[in-house]
Amino acid sequence: MMQPPVRLSSSLRRLCRASLAAVSLGGCLACSGEESTAPSVPLVWSVDTLAIVGVAEGDSMQEFGQLIAAELSATGDAVLLDLRRPGVFWFDSTGRFRTVTTVGRGPGEVLQPRAIATSSAGAVLVLDAASARLSFLRESAGRVVLDSSINTLRAPTSLCELAGRVYAGFLLDGMVAHVIGADGRPLRSFGPEPLLPQLDAAGDFGVLARRQIVEPRLFCDSLRRQVVLAGRSHPAVRAYDSLGHEMWSVELADVHSITFQQTEAGVIEGVFDPLNGASFVRSMIAWGPQHLLVQYIRSFPGGPPDGAEFGGIDSRLLDLTTGAEVGRSSGLPLIAATRGDRLVVIENVPFPRALIVRRRLAPEPEASPDTSEVHSANRQAP
């Protein structure tokens with residue numbers, strides 16, 4: 001029997017946009033999180049703000065549409081990905097604008113940028129969904145310079161680089177990582193999809209729904225030469241070596257998947273657990289040499305109108321050798337990038353902006369109220 005056409009409901013489209021949003025954050029901050037019941041590495045930190053990039057209005061190079069990703073380049077620049085404007089922007093460590101990509105479908109241009117990463121050679125990797133193109137870019141004298149460009153043949157959603165190899169995840173491909181060759185074709189693929197028994201009897205619709213739930217976010221761990229995958233809305237986190245052999249696999253407690261249902265008209269609707277909501281992975285960054293910080297945005301039904309309500313940021317700290325969860329917090333902001341002691345925090349409320357901060361690695365006395373604030377990210381709506 002021919003399947004009815006599949007369409008996303010308006011509430012589900014709003015959910016997808018909301019899961020890309022971040023939270024409000026002030027200048028210098030100090031955050032402390034909830035301890036997990038497992039042996040814990042305290043997620044207590046404090047940072048000094050080096051620069052704030054982004055304004056509500058007045059500077060065209062800092063009026064962003066929706067910031068969804070960031071990287072810190074080898075030269076110390078903050079590289080920001082704007083989904084709605086669209087573009088990839090370079091700013092130095094003081095927040096001074098350097099350059100931005102050109103809008104288009106050609107090599108080095110972007111039209112629908114979806115993910116960025118940095119390479120061991122110092123380039124910024126940009127995935128563009130409109131052209132299915134992977135570009136290796138760098139900033140030089142205020143210009144975007146194209147090192148090389150690859151047509152990936154399919155629309156990618158996440159990537160990272162390990163030992164000169166690019167690993168990518170593709171749209172509606174499940175929790176699978178692909179090693180991308182010079183011609184854009186996968187050289188090797190690995191990562192079987194987690195089981196979702198509730199969708200096994202749903203036919204083609206179940207396949208589509210499963211792949212949306214477990215669509216991967218990737219993190220490359222150069223110290224252990226492993227690639228870590230986390231499902232978009234699934235508790236599974238898995239690590240593989242560069243040849244695709246599984247190193248460890250965990251399912252995190254209290255990470256709740258969204259489920260889907262298909263109406264008679266063929267519209268796919270998201271279904272939330274009414275008590276626990278649904279979790280969506282938004283960030284995976286190194287937290288020192290031994291740990292991985294995985295951050296989920298939690299959403300609940302009942303947001304206006306008939307969409308999803310923001311329920312906070314759920315941060316999990318994993319041991320990169322074993323995958324064990326060693327810390328948990330609901331009080332951290334959305335951290336998009338890290339390099340050494342520097343971090344980039346992104347937010348989209350009340351307007352899109354990024355904070356370039358330096359982490360204080362040694363404990364310091366509590367700052368006075370006019371220079372430090374305590375923030376609970378889960379109290380801020382995107």
# chains A, B, ... in the order shown; residues from 1 in each chain; ligands from 1
$ select_by_dssp --residues "segment 135-182 of chain A" --states "strand (DSSP E or B)" --output "PyMOL selection string"
chain A and resi 135-140+143-151+156-162+165-170+177-180
$ residues_around --residues "segment 107-115 of chain A" --least-positions-apart "4" --cutoff "8 Å" --atoms "only C-alpha atoms" --output "MDAnalysis selection string"
chainID A and resid 69 81:83 86:88 101:103 126:131 133 135:137 144:146 148:149 156:159
$ write_last_selection --atoms "N, CA, C and O atoms" --output "tab-separated table (two decimals), in the first residue's frame"
chain	number	residue	atom	x	y	z
A	69	ALA	N	26.05	27.22	16.61
A	69	ALA	CA	27.31	26.52	16.82
A	69	ALA	C	28.45	27.52	16.86
A	69	ALA	O	28.32	28.65	16.36
A	81	LEU	N	28.48	30.23	13.89
A	81	LEU	CA	27.61	29.80	12.80
A	81	LEU	C	26.22	30.36	13.05
A	81	LEU	O	25.60	30.08	14.09
A	82	ASP	N	25.72	31.14	12.10
A	82	ASP	CA	24.39	31.72	12.16
A	82	ASP	C	23.48	30.97	11.20
A	82	ASP	O	23.74	30.92	10.00
A	83	LEU	N	22.41	30.37	11.74
A	83	LEU	CA	21.52	29.55	10.93
A	83	LEU	C	20.62	30.40	10.04
A	83	LEU	O	20.36	30.06	8.88
A	86	PRO	N	22.21	33.73	6.55
A	86	PRO	CA	23.07	32.76	7.21
A	86	PRO	C	24.54	33.13	6.99
A	86	PRO	O	24.85	33.92	6.09
A	87	GLY	N	25.45	32.55	7.75
A	87	GLY	CA	26.85	32.83	7.54
A	87	GLY	C	27.71	32.25	8.65
A	87	GLY	O	27.22	31.81	9.69
A	88	VAL	N	29.02	32.23	8.39
A	88	VAL	CA	30.02	31.85	9.38
A	88	VAL	C	30.89	33.08	9.61
A	88	VAL	O	31.48	33.61	8.66
A	101	THR	N	31.64	34.69	5.78
A	101	THR	CA	31.52	33.99	4.51
A	101	THR	C	30.54	34.69	3.58
A	101	THR	O	29.67	35.45	4.00
A	102	THR	N	30.67	34.40	2.30
A	102	THR	CA	29.77	34.91	1.27
A	102	THR	C	28.59	33.96	1.12
A	102	THR	O	28.75	32.74	1.19
A	103	VAL	N	27.40	34.51	0.89
A	103	VAL	CA	26.21	33.69	0.69
A	103	VAL	C	26.19	33.16	-0.74
A	103	VAL	O	26.36	33.92	-1.70
A	126	VAL	N	33.29	23.62	7.37
A	126	VAL	CA	31.90	24.10	7.34
A	126	VAL	C	31.08	23.15	6.47
A	126	VAL	O	31.40	22.92	5.30
A	127	LEU	N	29.99	22.62	7.05
A	127	LEU	CA	29.05	21.79	6.30
A	127	LEU	C	27.86	22.64	5.88
A	127	LEU	O	27.24	23.30	6.71
A	128	ASP	N	27.55	22.63	4.59
A	128	ASP	CA	26.42	23.40	4.08
A	128	ASP	C	25.39	22.45	3.50
A	128	ASP	O	25.70	21.66	2.60
A	129	ALA	N	24.16	22.52	4.04
A	129	ALA	CA	23.11	21.59	3.61
A	129	ALA	C	22.58	21.90	2.22
A	129	ALA	O	22.18	21.00	1.49
A	130	ALA	N	22.57	23.17	1.83
A	130	ALA	CA	22.00	23.55	0.54
A	130	ALA	C	22.81	22.98	-0.62
A	130	ALA	O	22.26	22.52	-1.62
A	131	SER	N	24.13	23.01	-0.48
A	131	SER	CA	25.00	22.53	-1.56
A	131	SER	C	25.58	21.16	-1.27
A	131	SER	O	26.29	20.61	-2.12
A	133	ARG	N	27.98	20.50	0.65
A	133	ARG	CA	29.40	20.76	0.44
A	133	ARG	C	30.12	20.92	1.78
A	133	ARG	O	29.61	21.51	2.72
A	135	SER	N	33.50	22.56	3.19
A	135	SER	CA	34.55	23.52	2.82
A	135	SER	C	35.56	23.65	3.95
A	135	SER	O	35.20	23.68	5.12
A	136	PHE	N	36.84	23.72	3.57
A	136	PHE	CA	37.93	23.94	4.52
A	136	PHE	C	38.35	25.40	4.38
A	136	PHE	O	38.94	25.79	3.37
A	137	LEU	N	38.01	26.21	5.39
A	137	LEU	CA	38.21	27.65	5.30
A	137	LEU	C	39.17	28.13	6.38
A	137	LEU	O	39.37	27.48	7.40
A	144	VAL	N	38.01	35.52	3.95
A	144	VAL	CA	37.84	34.07	4.05
A	144	VAL	C	38.60	33.42	2.90
A	144	VAL	O	38.38	33.74	1.73
A	145	VAL	N	39.52	32.54	3.25
A	145	VAL	CA	40.34	31.86	2.25
A	145	VAL	C	39.91	30.39	2.19
A	145	VAL	O	39.79	29.72	3.22
A	146	LEU	N	39.65	29.91	0.98
A	146	LEU	CA	39.25	28.52	0.78
A	146	LEU	C	40.47	27.65	0.54
A	146	LEU	O	41.21	27.86	-0.42
A	148	SER	N	40.17	24.05	0.46
A	148	SER	CA	39.66	23.01	-0.42
A	148	SER	C	38.16	22.85	-0.16
A	148	SER	O	37.62	23.40	0.82
A	149	SER	N	37.51	22.10	-1.04
A	149	SER	CA	36.07	21.91	-0.92
A	149	SER	C	35.70	20.54	-1.45
A	149	SER	O	36.27	20.07	-2.44
A	156	PRO	N	24.68	16.75	5.19
A	156	PRO	CA	25.24	16.37	6.48
A	156	PRO	C	24.69	17.24	7.60
A	156	PRO	O	24.18	18.34	7.37
A	157	THR	N	24.81	16.75	8.84
A	157	THR	CA	24.30	17.50	9.99
A	157	THR	C	25.32	17.67	11.11
A	157	THR	O	25.15	18.52	11.97
A	158	SER	N	26.39	16.87	11.11
A	158	SER	CA	27.37	16.96	12.18
A	158	SER	C	28.70	16.44	11.66
A	158	SER	O	28.73	15.60	10.74
A	159	LEU	N	29.81	16.96	12.22
A	159	LEU	CA	31.11	16.50	11.77
A	159	LEU	C	32.18	16.77	12.81
A	159	LEU	O	32.00	17.58	13.72
$ atom_distance --atom1 "atom CA of Ile258 of chain A" --atom2 "atom CA of Ser330 of chain A"
19.7 Å
$ closest_residue --among "A:Gly270, A:Pro216, A:Gly340, A:Gly244" --to "Arg282 of chain A" --atoms "only C-alpha atoms"
A:Pro216
